[in-house]
Amino acid sequence: MGETYASHPGRAGGLPFVNYKPFHNKLKKPELTQLLRGLTEQAAKEWLFEPLQQAFPSEYPFKAIEAHDGSSLKLHIGLTEQFPGRFTKTHPAAMELHMTMDLMSGGYNYLGIAPDSESERHYNPFAFEIKDILLLMDAGYFNIEYCYQADKHGGYVIMRTNGQINPNIIAAFDSQGTAIKALVGKKMKRVKLKKDQLVDLDVQWSDKPGLHRLIAFWDRKKSAIGYLITNLKREQFPAVKVCELYGLRWQIELFFKELKSYNGLKTFNTRNKSIAESLVWASMLTLLLKRFIAKVSGEIHKVMISTQKVARCANDWLPDILKALRSGREYRIKNQLRKWCRYLSEYACRSHPKRDNETLFVQLTEHASAANNV
């Protein structure tokens, strides 16, 4: 690590003499982490979020849809003290990225970095922060008190619960809204479902006040019953619609996959805490840049762009755009942007646009975009 890396003036590029140690000393400073975090947060606001408020169909009581989730990242064993992992034998050092994502814009509202051993619930949005927002969360964040507080502060939740819950059933309905009297008065674990069947329940915990709406459905992937708890009104949102809305949470899974697979966020071979955090923010900033280019390419050429395809072929187009920006020459920047936006509109389109148009995610994003353009 003490070697000197240099490029002699006579070699291609004529790069100046570079010494590793001074470069590393700058890289490991906490100030670099702060700078990258600030740039990333500014990029998320200016590149991806619409200047006007998102608009939804009139029957939707919320103004935004957000998903909150976490993703773990293995670290060098030398960071075990700063970032202790949950799995001490296999991954003694690991960090957890906690993110709240705005699903309609594709950007994020919050990103926190914490030791993987800490509880996930410490990093989800406060209940008072989700007023007029529909928040989607996985089973790891299930907390019946959180659902109560969210409803109290004017927020909406669809949260998956674990399979260990066993409240009392107060009322039960099938997917058509017909009452199922045979389930009333029984415990939750008495419910048996067939494939593609679901039941819409009002349940009550014996040690907690109030009724809660709980939807039990057959999870084909896990071949088991899944549970969703929500405070959305049954009259406005039938059980099938609630399940469809919860399916939007998949977008945050795709975001993490894109971040790790195509933006360099993999296992870090560094023992320095600041460098590890800086690399997270650098990866996030890179992802936002790619998504911004994908977004404008689609808007200019009126096509549906796949952000994953754009990220996968970034080695083809991103260096040319960055070189043009570095040159500072306006005509060169415009030429490169026109060239590569046209390229992405032709070769990075979604594979099945007709099928995608039928999905709730595309319908809602197009509705919001049309309303904002009025």
# chains A, B, ... in the order shown; residues from 1 in each chain; ligands from 1

call {"tool": "select_by_dssp", "arguments": {"residues": "stretch 187-264 of chain A", "states": "helix (DSSP H, G or I)", "output": "list in words"}}
result
Met188, Lys189, Arg190, Ala239, Val240, Lys241, Val242, Cys243, Glu244, Leu245, Tyr246, Gly247, Leu248, Arg249, Trp250, Gln251, Ile252, Glu253, Leu254, Phe255, Phe256, Lys257, Glu258, Leu259, Lys260, Ser261 and Tyr262 of chain A

call {"tool": "residues_around", "arguments": {"residues": "stretch 135-139 of chain A", "least_positions_apart": "3", "cutoff": "8 Å", "atoms": "only C-alpha atoms", "output": "list in words"}}
result
Ile65, Glu66, Ala67, His68, Asp69, Ile130, Phe142, Gly155, Tyr156, Val157, Ile158, Met159, Arg160, Thr161, Asn162, Tyr246 and Arg249 of chain A

call {"tool": "write_last_selection", "arguments": {"atoms": "all heavy atoms", "output": "compact mmCIF listing (two decimals), in the first residue's frame"}}
result
# COMPACT_ATOMS: atom_id res chain seq x y z
N ILE A 65 -46.98 8.03 -2.16
CA ILE A 65 -46.79 6.64 -1.75
C ILE A 65 -45.31 6.43 -1.52
O ILE A 65 -44.49 6.66 -2.41
CB ILE A 65 -47.31 5.65 -2.82
CG1 ILE A 65 -48.79 5.89 -3.11
CG2 ILE A 65 -47.10 4.22 -2.34
CD1 ILE A 65 -49.35 4.99 -4.19
N GLU A 66 -44.97 5.98 -0.31
CA GLU A 66 -43.58 5.73 0.03
C GLU A 66 -43.41 4.30 0.51
O GLU A 66 -44.36 3.69 1.02
CB GLU A 66 -43.11 6.70 1.13
CG GLU A 66 -43.13 8.16 0.70
CD GLU A 66 -42.67 9.10 1.80
OE1 GLU A 66 -42.42 8.62 2.93
OE2 GLU A 66 -42.57 10.31 1.54
N ALA A 67 -42.23 3.78 0.33
CA ALA A 67 -41.88 2.45 0.85
C ALA A 67 -40.62 2.60 1.70
O ALA A 67 -39.71 3.36 1.34
CB ALA A 67 -41.64 1.47 -0.29
N HIS A 68 -40.61 1.90 2.80
CA HIS A 68 -39.42 1.92 3.66
C HIS A 68 -38.89 0.50 3.81
O HIS A 68 -39.66 -0.44 4.06
CB HIS A 68 -39.74 2.50 5.04
CG HIS A 68 -38.54 2.60 5.92
ND1 HIS A 68 -37.67 3.67 5.89
CD2 HIS A 68 -38.03 1.74 6.85
CE1 HIS A 68 -36.70 3.47 6.76
NE2 HIS A 68 -36.88 2.29 7.34
N ASP A 69 -37.58 0.35 3.64
CA ASP A 69 -36.97 -0.97 3.77
C ASP A 69 -35.48 -0.80 4.04
O ASP A 69 -34.95 0.32 3.99
CB ASP A 69 -37.19 -1.78 2.49
CG ASP A 69 -37.14 -3.29 2.75
OD1 ASP A 69 -36.82 -3.69 3.89
OD2 ASP A 69 -37.41 -4.06 1.82
N ILE A 130 -45.80 10.88 8.33
CA ILE A 130 -46.47 10.31 7.15
C ILE A 130 -47.91 10.81 6.99
O ILE A 130 -48.75 10.13 6.40
CB ILE A 130 -46.44 8.77 7.18
CG1 ILE A 130 -47.20 8.22 8.37
CG2 ILE A 130 -45.00 8.26 7.17
CD1 ILE A 130 -47.40 6.71 8.31
N PHE A 142 -43.15 -4.59 11.49
CA PHE A 142 -44.49 -4.69 12.04
C PHE A 142 -44.55 -4.27 13.51
O PHE A 142 -43.78 -4.74 14.34
CB PHE A 142 -45.01 -6.13 11.92
CG PHE A 142 -46.32 -6.34 12.63
CD1 PHE A 142 -47.46 -5.68 12.21
CD2 PHE A 142 -46.40 -7.17 13.74
CE1 PHE A 142 -48.66 -5.85 12.88
CE2 PHE A 142 -47.60 -7.36 14.40
CZ PHE A 142 -48.74 -6.70 13.97
N GLY A 155 -51.97 9.54 8.73
CA GLY A 155 -51.19 8.78 7.76
C GLY A 155 -51.86 7.46 7.43
O GLY A 155 -52.83 7.05 8.08
N TYR A 156 -51.35 6.79 6.40
CA TYR A 156 -51.91 5.53 5.94
C TYR A 156 -50.80 4.50 5.82
O TYR A 156 -49.69 4.83 5.39
CB TYR A 156 -52.63 5.70 4.60
CG TYR A 156 -53.72 6.75 4.65
CD1 TYR A 156 -53.44 8.09 4.38
CD2 TYR A 156 -55.02 6.41 5.00
CE1 TYR A 156 -54.43 9.06 4.45
CE2 TYR A 156 -56.03 7.36 5.06
CZ TYR A 156 -55.72 8.69 4.78
OH TYR A 156 -56.71 9.64 4.86
N VAL A 157 -51.08 3.27 6.20
CA VAL A 157 -50.07 2.22 6.15
C VAL A 157 -50.65 0.95 5.55
O VAL A 157 -51.83 0.67 5.69
CB VAL A 157 -49.49 1.90 7.55
CG1 VAL A 157 -48.74 3.07 8.13
CG2 VAL A 157 -50.60 1.45 8.50
N ILE A 158 -49.79 0.24 4.85
CA ILE A 158 -50.03 -1.16 4.52
C ILE A 158 -48.75 -1.87 4.94
O ILE A 158 -47.68 -1.62 4.38
CB ILE A 158 -50.30 -1.40 3.03
CG1 ILE A 158 -51.46 -0.56 2.52
CG2 ILE A 158 -50.59 -2.89 2.78
CD1 ILE A 158 -51.72 -0.71 1.03
N MET A 159 -48.88 -2.71 5.95
CA MET A 159 -47.70 -3.33 6.54
C MET A 159 -47.89 -4.84 6.59
O MET A 159 -48.94 -5.33 7.02
CB MET A 159 -47.49 -2.77 7.96
CG MET A 159 -46.20 -3.21 8.62
SD MET A 159 -46.11 -2.61 10.35
CE MET A 159 -46.30 -0.84 10.10
N ARG A 160 -46.90 -5.54 6.12
CA ARG A 160 -46.95 -6.99 6.23
C ARG A 160 -46.65 -7.40 7.67
O ARG A 160 -45.82 -6.76 8.33
CB ARG A 160 -45.96 -7.64 5.28
CG ARG A 160 -46.09 -9.16 5.23
CD ARG A 160 -45.59 -9.71 3.93
NE ARG A 160 -45.81 -11.16 3.85
CZ ARG A 160 -45.81 -11.85 2.73
NH1 ARG A 160 -45.62 -11.23 1.58
NH2 ARG A 160 -46.04 -13.14 2.74
N THR A 161 -47.32 -8.42 8.16
CA THR A 161 -47.09 -8.87 9.52
C THR A 161 -46.45 -10.25 9.50
O THR A 161 -46.47 -10.94 8.49
CB THR A 161 -48.40 -8.95 10.33
OG1 THR A 161 -49.14 -10.10 9.90
CG2 THR A 161 -49.24 -7.70 10.11
N ASN A 162 -45.89 -10.64 10.61
CA ASN A 162 -45.30 -11.97 10.69
C ASN A 162 -46.39 -13.03 10.90
O ASN A 162 -47.53 -12.71 11.23
CB ASN A 162 -44.26 -12.05 11.81
CG ASN A 162 -44.85 -11.67 13.16
OD1 ASN A 162 -45.84 -12.24 13.58
ND2 ASN A 162 -44.21 -10.72 13.84
N TYR A 246 -49.91 -2.79 -2.12
CA TYR A 246 -48.73 -3.29 -1.42
C TYR A 246 -47.69 -3.82 -2.39
O TYR A 246 -46.48 -3.76 -2.12
CB TYR A 246 -49.11 -4.38 -0.42
CG TYR A 246 -47.93 -4.83 0.42
CD1 TYR A 246 -47.45 -4.04 1.45
CD2 TYR A 246 -47.28 -6.03 0.15
CE1 TYR A 246 -46.34 -4.43 2.20
CE2 TYR A 246 -46.18 -6.43 0.90
CZ TYR A 246 -45.72 -5.63 1.92
OH TYR A 246 -44.61 -6.02 2.65
N ARG A 249 -44.48 -1.98 -3.39
CA ARG A 249 -43.26 -2.00 -2.56
C ARG A 249 -42.10 -2.67 -3.28
O ARG A 249 -40.93 -2.45 -2.93
CB ARG A 249 -43.56 -2.73 -1.24
CG ARG A 249 -42.60 -2.41 -0.11
CD ARG A 249 -42.77 -3.40 1.03
NE ARG A 249 -42.33 -4.73 0.62
CZ ARG A 249 -41.05 -5.15 0.64
NH1 ARG A 249 -40.09 -4.34 1.03
NH2 ARG A 249 -40.74 -6.36 0.24

call {"tool": "select_by_dssp", "arguments": {"residues": "stretch 87-210 of chain A", "states": "strand (DSSP E or B)", "output": "MDAnalysis selection string"}}
result
chainID A and resid 93:102 107:115 131 133:137 155:161 168:173 179 187 198:204

call {"tool": "residues_around", "arguments": {"residues": "A:Trp47", "least_positions_apart": "4", "cutoff": "9 Å", "atoms": "only C-alpha atoms", "output": "number ranges by chain"}}
result
A: 42-43, 107, 288-289, 291-292

call {"tool": "closest_atom_pairs", "arguments": {"of": "stretch 16-81 of chain A", "to": "stretch 261-276 of chain A", "cutoff": "7 Å", "atoms": "only C-alpha atoms", "output": "Markdown table"}}
result
| residue | atom | partner | partner_atom | distance |
| --- | --- | --- | --- | --- |
| A:Leu27 | CA | A:Ile275 | CA | 6.4 |
| A:Lys28 | CA | A:Ile275 | CA | 5.1 |
| A:Lys29 | CA | A:Ser274 | CA | 6.4 |
| A:Pro30 | CA | A:Ser274 | CA | 5.5 |
| A:Thr33 | CA | A:Ser274 | CA | 6.3 |
| A:Leu73 | CA | A:Thr267 | CA | 6.5 |
| A:Lys74 | CA | A:Thr267 | CA | 5.4 |
| A:Leu75 | CA | A:Phe268 | CA | 5.5 |
| A:His76 | CA | A:Asn269 | CA | 5.5 |
| A:Gly78 | CA | A:Arg271 | CA | 5.0 |
| A:Leu79 | CA | A:Arg271 | CA | 5.6 |

call {"tool": "write_last_selection", "arguments": {"atoms": "N, CA and C atoms", "output": "compact mmCIF listing (two decimals), in the first residue's frame"}}
result
# COMPACT_ATOMS: atom_id res chain seq x y z
N LEU A 27 -9.11 10.74 1.00
CA LEU A 27 -10.26 9.86 0.82
C LEU A 27 -10.87 9.44 2.15
N LYS A 28 -10.05 9.30 3.17
CA LYS A 28 -10.54 8.79 4.45
C LYS A 28 -11.09 9.87 5.38
N LYS A 29 -11.08 11.11 4.95
CA LYS A 29 -11.57 12.19 5.79
C LYS A 29 -13.10 12.17 5.88
N PRO A 30 -13.67 12.41 7.06
CA PRO A 30 -15.13 12.48 7.21
C PRO A 30 -15.75 13.58 6.36
N THR A 33 -17.17 12.29 3.17
CA THR A 33 -18.47 11.64 3.38
C THR A 33 -19.58 12.68 3.43
N LEU A 73 -25.10 -4.91 3.98
CA LEU A 73 -23.90 -4.94 3.16
C LEU A 73 -22.74 -5.44 3.99
N LYS A 74 -22.09 -6.49 3.52
CA LYS A 74 -20.96 -7.07 4.24
C LYS A 74 -19.75 -6.14 4.17
N LEU A 75 -19.04 -6.02 5.29
CA LEU A 75 -17.87 -5.15 5.37
C LEU A 75 -16.63 -5.94 5.78
N HIS A 76 -15.49 -5.27 5.68
CA HIS A 76 -14.23 -5.87 6.11
C HIS A 76 -14.29 -6.14 7.61
N GLY A 78 -12.28 -5.74 9.79
CA GLY A 78 -11.67 -4.68 10.57
C GLY A 78 -12.66 -3.62 11.03
N LEU A 79 -13.89 -3.63 10.50
CA LEU A 79 -14.91 -2.65 10.89
C LEU A 79 -15.94 -3.25 11.84

call {"tool": "closest_atom_pairs", "arguments": {"of": "stretch 259-313 of chain A", "to": "stretch 322-340 of chain A", "cutoff": "10 Å", "atoms": "only C-alpha atoms", "output": "tab-separated table"}}
result
residue	atom	partner	partner_atom	distance
A:Ile293	CA	A:Leu337	CA	8.8
A:Ser297	CA	A:Trp340	CA	8.4
A:Ile300	CA	A:Arg338	CA	9.8

call {"tool": "residues_around", "arguments": {"residues": "A:Leu39", "least_positions_apart": "2", "cutoff": "12 Å", "atoms": "only C-alpha atoms", "output": "PyMOL selection string"}}
result
chain A and resi 32-37+41-47+278+281-286+288-289

call {"tool": "residues_around", "arguments": {"residues": "A:Tyr148", "least_positions_apart": "2", "cutoff": "10 Å", "atoms": "only C-alpha atoms", "output": "list in words"}}
result
Ala127, Asn143, Ile144, Glu145, Tyr146, Ala150, Asp151, Lys152, His153, Gly155, Tyr156, Val157, Pro209, Gly210, Leu211, His212, Thr230 and Asn231 of chain A

call {"tool": "closest_residue", "arguments": {"among": "A:Glu366, A:Cys147, A:Leu97, A:Ile215", "to": "A:Ala172", "atoms": "only C-alpha atoms"}}
result
A:Ile215

call {"tool": "atom_distance", "arguments": {"atom1": "atom CA of A:Thr307", "atom2": "atom CA of A:Val280"}}
result
19.3 Å

call {"tool": "atom_distance", "arguments": {"atom1": "atom CA of A:Gly247", "atom2": "atom CA of A:Ile113"}}
result
25.6 Å

call {"tool": "atom_distance", "arguments": {"atom1": "atom CA of A:Ile305", "atom2": "atom CA of A:Pro57"}}
result
23.9 Å

call {"tool": "closest_residue", "arguments": {"among": "A:Val310, A:Leu48, A:Met104, A:Glu277", "to": "A:Lys290", "atoms": "only C-alpha atoms"}}
result
A:Val310

call {"tool": "residues_around", "arguments": {"residues": "A:Ile252", "least_positions_apart": "5", "cutoff": "9 Å", "atoms": "only C-alpha atoms", "output": "JSON, numbers by chain"}}
result
{"A": [67, 68, 69, 99, 100, 101, 102, 103, 106, 257]}

call {"tool": "write_last_selection", "arguments": {"atoms": "N, CA, C and O atoms", "output": "CSV table (one decimal), in the first residue's frame"}}
result
chain,number,residue,atom,x,y,z
A,67,ALA,N,-42.2,3.8,0.3
A,67,ALA,CA,-41.9,2.5,0.8
A,67,ALA,C,-40.6,2.6,1.7
A,67,ALA,O,-39.7,3.4,1.3
A,68,HIS,N,-40.6,1.9,2.8
A,68,HIS,CA,-39.4,1.9,3.7
A,68,HIS,C,-38.9,0.5,3.8
A,68,HIS,O,-39.7,-0.4,4.1
A,69,ASP,N,-37.6,0.4,3.6
A,69,ASP,CA,-37.0,-1.0,3.8
A,69,ASP,C,-35.5,-0.8,4.0
A,69,ASP,O,-35.0,0.3,4.0
A,99,MET,N,-33.8,3.0,4.0
A,99,MET,CA,-34.2,4.0,3.0
A,99,MET,C,-35.7,4.1,3.0
A,99,MET,O,-36.4,3.1,3.0
A,100,THR,N,-36.1,5.3,2.8
A,100,THR,CA,-37.5,5.6,2.5
A,100,THR,C,-37.6,6.2,1.1
A,100,THR,O,-37.0,7.2,0.8
A,101,MET,N,-38.3,5.5,0.3
A,101,MET,CA,-38.3,5.8,-1.2
A,101,MET,C,-39.7,6.4,-1.6
A,101,MET,O,-40.7,5.9,-1.2
A,102,ASP,N,-39.7,7.4,-2.4
A,102,ASP,CA,-40.9,7.9,-3.0
A,102,ASP,C,-41.1,7.2,-4.3
A,102,ASP,O,-40.3,7.3,-5.3
A,103,LEU,N,-42.1,6.3,-4.3
A,103,LEU,CA,-42.3,5.4,-5.4
A,103,LEU,C,-42.6,6.0,-6.7
A,103,LEU,O,-42.3,5.5,-7.8
A,106,GLY,N,-39.2,7.8,-8.0
A,106,GLY,CA,-38.1,6.9,-8.1
A,106,GLY,C,-36.9,7.4,-7.3
A,106,GLY,O,-35.8,6.8,-7.4
A,257,LYS,N,-31.5,-3.6,-5.7
A,257,LYS,CA,-30.8,-4.5,-6.6
A,257,LYS,C,-30.0,-3.7,-7.6
A,257,LYS,O,-28.8,-4.0,-7.9

call {"tool": "closest_residue", "arguments": {"among": "A:Leu198, A:Phe256, A:Tyr60, A:Glu118", "to": "A:Gln236", "atoms": "only C-alpha atoms"}}
result
A:Tyr60

call {"tool": "residues_around", "arguments": {"residues": "stretch 349-364 of chain A", "least_positions_apart": "5", "cutoff": "8 Å", "atoms": "only C-alpha atoms", "output": "MDAnalysis selection string"}}
result
chainID A and resid 56 104 244:245 248 303:306 309 344

call {"tool": "write_last_selection", "arguments": {"atoms": "N, CA and C atoms", "output": "PDB file, in the first residue's frame"}}
result
ATOM      1  N   PHE A  56     -53.031  11.991  -7.439  1.00  0.00           N
ATOM      2  CA  PHE A  56     -53.572  10.652  -7.520  1.00  0.00           C
ATOM      3  C   PHE A  56     -55.061  10.731  -7.854  1.00  0.00           C
ATOM      4  N   MET A 104     -43.324   7.152  -6.715  1.00  0.00           N
ATOM      5  CA  MET A 104     -43.736   7.759  -7.968  1.00  0.00           C
ATOM      6  C   MET A 104     -42.587   8.478  -8.679  1.00  0.00           C
ATOM      7  N   GLU A 244     -52.830  -5.073  -4.211  1.00  0.00           N
ATOM      8  CA  GLU A 244     -52.215  -4.485  -5.402  1.00  0.00           C
ATOM      9  C   GLU A 244     -51.350  -3.286  -5.027  1.00  0.00           C
ATOM     10  N   LEU A 245     -51.835  -2.460  -4.121  1.00  0.00           N
ATOM     11  CA  LEU A 245     -51.053  -1.312  -3.662  1.00  0.00           C
ATOM     12  C   LEU A 245     -49.787  -1.767  -2.944  1.00  0.00           C
ATOM     13  N   LEU A 248     -46.656  -2.470  -4.912  1.00  0.00           N
ATOM     14  CA  LEU A 248     -45.791  -1.377  -5.342  1.00  0.00           C
ATOM     15  C   LEU A 248     -44.490  -1.345  -4.559  1.00  0.00           C
ATOM     16  N   VAL A 303     -41.065   7.494 -24.637  1.00  0.00           N
ATOM     17  CA  VAL A 303     -41.013   6.035 -24.530  1.00  0.00           C
ATOM     18  C   VAL A 303     -40.823   5.650 -23.065  1.00  0.00           C
ATOM     19  N   MET A 304     -41.091   4.379 -22.755  1.00  0.00           N
ATOM     20  CA  MET A 304     -40.904   3.862 -21.399  1.00  0.00           C
ATOM     21  C   MET A 304     -39.506   3.270 -21.290  1.00  0.00           C
ATOM     22  N   ILE A 305     -38.696   3.860 -20.436  1.00  0.00           N
ATOM     23  CA  ILE A 305     -37.301   3.452 -20.297  1.00  0.00           C
ATOM     24  C   ILE A 305     -37.149   2.492 -19.110  1.00  0.00           C
ATOM     25  N   SER A 306     -36.307   1.487 -19.282  1.00  0.00           N
ATOM     26  CA  SER A 306     -35.957   0.576 -18.205  1.00  0.00           C
ATOM     27  C   SER A 306     -34.717   1.120 -17.495  1.00  0.00           C
ATOM     28  N   LYS A 309     -31.839  -1.402 -17.582  1.00  0.00           N
ATOM     29  CA  LYS A 309     -31.095  -1.462 -18.845  1.00  0.00           C
ATOM     30  C   LYS A 309     -30.150  -0.278 -18.975  1.00  0.00           C
ATOM     31  N   LEU A 344     -30.481   5.636 -25.794  1.00  0.00           N
ATOM     32  CA  LEU A 344     -31.211   4.978 -24.723  1.00  0.00           C
ATOM     33  C   LEU A 344     -32.688   4.812 -25.058  1.00  0.00           C
TER      34      LEU A 344
END

call {"tool": "closest_residue", "arguments": {"among": "A:Ile133, A:Leu254, A:Ile170, A:Ile321", "to": "A:Val203", "atoms": "only C-alpha atoms"}}
result
A:Ile170
